[in-house]
Amino acid sequence: MTDLLGPVEEGVARVAAAGSLDELSAAEQEVLGRRSAVMAARQQLGALPAEDRKEAGKAVNEARERLQAAVEARRAELEAAARAQRLDAERMDLTEVSSRWARGHQHLVSQTQEQLEDVFVAMGYRVAEGPEAETDWYNFEALNMPPGHPARSMWDTLYLKLGAPGSVLLRTHTSPVQIRVMQSQPPPVYIVAPGRCYRRDTPDARHLSVFHQIEGLVVDRHISFGDLAGTIEAFTGAYFGPTIRSRLRPSFFPFTEPSAEFDVTCIFCDGAGCRVCSHSGWIELGGCGMVDPNVFEAVGIDNEEWQGFAFGFGIDRCAMLRHNIDDIRHFITNDVRFLRQF
Ligand code: PHE
């Protein structure tokens, strides 16, 4: 009968040294498998004289149990280590909120909104507000888009289940605030109206169904398109700095005539042309134009005596341009690693 003491001690050491679950399987095969010393001893049992067999059988069983226990113990250790490692890799660090009482700060979009307000307040404007849930009349009809007007399709609208079907909606732009302001005060008017807008848009790098605009409205005597162009130029210079230029392109909006869209030079390529600006060197910021006489009529302002201009543009987009952010969705992901940079 082979002496099992030596091989068992060796086997236990071999098992304990396994550094991974794969290595452990190999070791198990070696110390308990068909070619192991223990199995060989077991096969020899039958050849032993009957009086020795019992004792030898007991020794073989003890050796097997000892090795099996060593394998199980090592397996438990290795599995626990693997689990700990996995948990560690997946762990989220929440300590900065709970233990250090780190103070949050204003979201970049709110900061941008306030900076833009400041630019206009410095030019003599007042800040106005309007509701995000609007009626069809304010969002469309008073802005020279009667029911069924084809230009309504420029805004993919989200309607609320409230009142008559299609009568209450989430404002698609900040332009309804123009109407509310003109209803509530006589000219002259110099206001900006920032706030949330909603459209039935599929999110991508440039679009979200909830975004922010800032509207401007001026109503006074002797206001011309030149005043509008100068105002846009003054604002882009004040907010983006002197390196950015702006331009106006003829366009169409039902509530302004003439209408224009305004672009700023692409900050990603400095106007040379790149992927972000579709190789045009310009990035569209918003729309503007002279207040249409039909809009004045809807709010009872005499358009012989008063003229006006209006503009509206994306706050989120301003923040993206100024801070080199290539995807608007970062603003709503709420990843602190993004947010704490600003
Ligand atoms: N409301 C328009 C839009 O959301 C922008 C605009 C505002 C155009 C004011 C002209 C005048 O697209």
# chains A, B, ... in the order shown; residues from 1 in each chain; ligands from 1
>>> residues_near_ligand(ligand="ligand 1", cutoff="9 Å", atoms="only C-alpha atoms and all ligand atoms", output="number ranges by chain")
A: 154-155, 172-176, 178, 197, 213-217, 252-257, 259-261, 286-291, 309-314
>>> select_by_dssp(residues="segment 21-229 of chain A", states="alpha helix (DSSP H)", output="ChimeraX atom specification")
/A:21-32,37-44,50-90,95-98,108-122,136-139,176-184,225-229
>>> closest_residue(among="A:Gly300, A:Val219, A:Pro293, A:Ser20", to="Ala80 of chain A", atoms="only C-alpha atoms")
A:Ser20
>>> residues_around(residues="Arg75 of chain A", least_positions_apart="6", cutoff="10 Å", atoms="only C-alpha atoms", output="number ranges by chain")
A: 15-16, 18, 20-21, 24-25, 69, 81
>>> closest_residue(among="A:Gly237, A:Gly124, A:Gly308, A:Gly6", to="His222 of chain A", atoms="only C-alpha atoms")
A:Gly308
>>> residues_around(residues="Val12 of chain A", least_positions_apart="5", cutoff="12 Å", atoms="only C-alpha atoms", output="VMD selection string")
chain A and resid 5 to 7 17 to 18 24 27 to 28 30 to 32 63 to 74
>>> atom_distance(atom1="atom CA of Leu108 of chain A", atom2="atom CA of Ala205 of chain A")
16.9 Å
>>> closest_residue(among="A:His212, A:Glu304, A:Tyr239, A:Thr231", to="His323 of chain A", atoms="only C-alpha atoms")
A:Tyr239
>>> atom_distance(atom1="atom CA of Pro187 of chain A", atom2="atom CA of Glu129 of chain A")
17.2 Å
>>> residues_around(residues="Asn324 of chain A", least_positions_apart="6", cutoff="12 Å", atoms="only C-alpha atoms", output="PDB file with N, CA, C and O atoms, in the first residue's frame")
ATOM      1  N   PHE A 240     -20.215  85.919 -26.722  1.00  0.00           N
ATOM      2  CA  PHE A 240     -19.196  84.993 -27.220  1.00  0.00           C
ATOM      3  C   PHE A 240     -17.808  85.622 -27.297  1.00  0.00           C
ATOM      4  O   PHE A 240     -16.827  84.931 -27.503  1.00  0.00           O
ATOM      5  N   CYS A 266     -18.544  79.114 -36.595  1.00  0.00           N
ATOM      6  CA  CYS A 266     -18.382  77.855 -35.863  1.00  0.00           C
ATOM      7  C   CYS A 266     -17.142  77.921 -34.975  1.00  0.00           C
ATOM      8  O   CYS A 266     -16.034  78.148 -35.453  1.00  0.00           O
ATOM      9  N   ILE A 267     -17.337  77.709 -33.672  1.00  0.00           N
ATOM     10  CA  ILE A 267     -16.188  77.787 -32.766  1.00  0.00           C
ATOM     11  C   ILE A 267     -15.332  76.531 -32.828  1.00  0.00           C
ATOM     12  O   ILE A 267     -14.192  76.529 -32.398  1.00  0.00           O
ATOM     13  N   PHE A 268     -15.906  75.452 -33.367  1.00  0.00           N
ATOM     14  CA  PHE A 268     -15.142  74.211 -33.405  1.00  0.00           C
ATOM     15  C   PHE A 268     -14.039  74.272 -34.456  1.00  0.00           C
ATOM     16  O   PHE A 268     -13.007  73.646 -34.325  1.00  0.00           O
ATOM     17  N   CYS A 269     -14.273  75.040 -35.533  1.00  0.00           N
ATOM     18  CA  CYS A 269     -13.267  75.101 -36.603  1.00  0.00           C
ATOM     19  C   CYS A 269     -12.878  76.548 -36.908  1.00  0.00           C
ATOM     20  O   CYS A 269     -12.140  76.802 -37.848  1.00  0.00           O
ATOM     21  N   ASP A 270     -13.420  77.498 -36.121  1.00  0.00           N
ATOM     22  CA  ASP A 270     -13.107  78.905 -36.344  1.00  0.00           C
ATOM     23  C   ASP A 270     -13.561  79.379 -37.721  1.00  0.00           C
ATOM     24  O   ASP A 270     -12.923  80.242 -38.326  1.00  0.00           O
ATOM     25  N   VAL A 276     -19.092  69.483 -37.365  1.00  0.00           N
ATOM     26  CA  VAL A 276     -20.142  70.050 -36.505  1.00  0.00           C
ATOM     27  C   VAL A 276     -20.990  71.082 -37.259  1.00  0.00           C
ATOM     28  O   VAL A 276     -22.205  71.140 -37.113  1.00  0.00           O
ATOM     29  N   ASP A 316     -29.405  76.474 -24.823  1.00  0.00           N
ATOM     30  CA  ASP A 316     -28.544  75.294 -24.752  1.00  0.00           C
ATOM     31  C   ASP A 316     -27.445  75.368 -25.806  1.00  0.00           C
ATOM     32  O   ASP A 316     -26.287  75.053 -25.559  1.00  0.00           O
ATOM     33  N   ARG A 317     -27.845  75.813 -26.990  1.00  0.00           N
ATOM     34  CA  ARG A 317     -26.895  75.893 -28.085  1.00  0.00           C
ATOM     35  C   ARG A 317     -25.813  76.943 -27.812  1.00  0.00           C
ATOM     36  O   ARG A 317     -24.645  76.745 -28.157  1.00  0.00           O
ATOM     37  N   CYS A 318     -26.192  78.036 -27.192  1.00  0.00           N
ATOM     38  CA  CYS A 318     -25.193  79.051 -26.815  1.00  0.00           C
ATOM     39  C   CYS A 318     -24.162  78.443 -25.871  1.00  0.00           C
ATOM     40  O   CYS A 318     -22.952  78.641 -26.024  1.00  0.00           O
ATOM     41  N   HIS A 330     -25.716  65.762 -23.012  1.00  0.00           N
ATOM     42  CA  HIS A 330     -24.939  65.849 -21.769  1.00  0.00           C
ATOM     43  C   HIS A 330     -25.684  66.664 -20.711  1.00  0.00           C
ATOM     44  O   HIS A 330     -25.525  66.434 -19.513  1.00  0.00           O
ATOM     45  N   GLN A 341     -17.604  70.449 -14.255  1.00  0.00           N
ATOM     46  CA  GLN A 341     -16.612  71.227 -15.011  1.00  0.00           C
ATOM     47  C   GLN A 341     -17.008  72.695 -15.191  1.00  0.00           C
ATOM     48  O   GLN A 341     -16.197  73.517 -15.567  1.00  0.00           O
ATOM     49  N   PHE A 342     -18.290  72.967 -14.946  1.00  0.00           N
ATOM     50  CA  PHE A 342     -18.750  74.335 -15.280  1.00  0.00           C
ATOM     51  C   PHE A 342     -19.214  75.104 -14.063  1.00  0.00           C
ATOM     52  O   PHE A 342     -19.847  74.577 -13.194  1.00  0.00           O
TER      53      PHE A 342
END
>>> select_by_dssp(residues="segment 176-252 of chain A", states="strand (DSSP E or B)", output="number ranges by chain")
A: 189-198, 210-220, 246-252
>>> closest_residue(among="A:Ile328, A:Leu248, A:Leu160, A:Ala319", to="Val210 of chain A", atoms="only C-alpha atoms")
A:Ile328
>>> closest_residue(among="A:Glu62, A:Glu284, A:Glu305, A:Glu117", to="Arg42 of chain A", atoms="only C-alpha atoms")
A:Glu62
>>> residues_around(residues="Ala272 of chain A", least_positions_apart="6", cutoff="9 Å", atoms="only C-alpha atoms", output="list in words")
Thr265, Cys266, His279, Ser280, Gly281 and Trp282 of chain A
>>> atom_distance(atom1="atom CA of Val189 of chain A", atom2="atom CA of Val109 of chain A")
26.1 Å
>>> closest_residue(among="A:Leu169, A:Ile179, A:Ile232, A:Val295", to="Arg247 of chain A", atoms="only C-alpha atoms")
A:Ile232
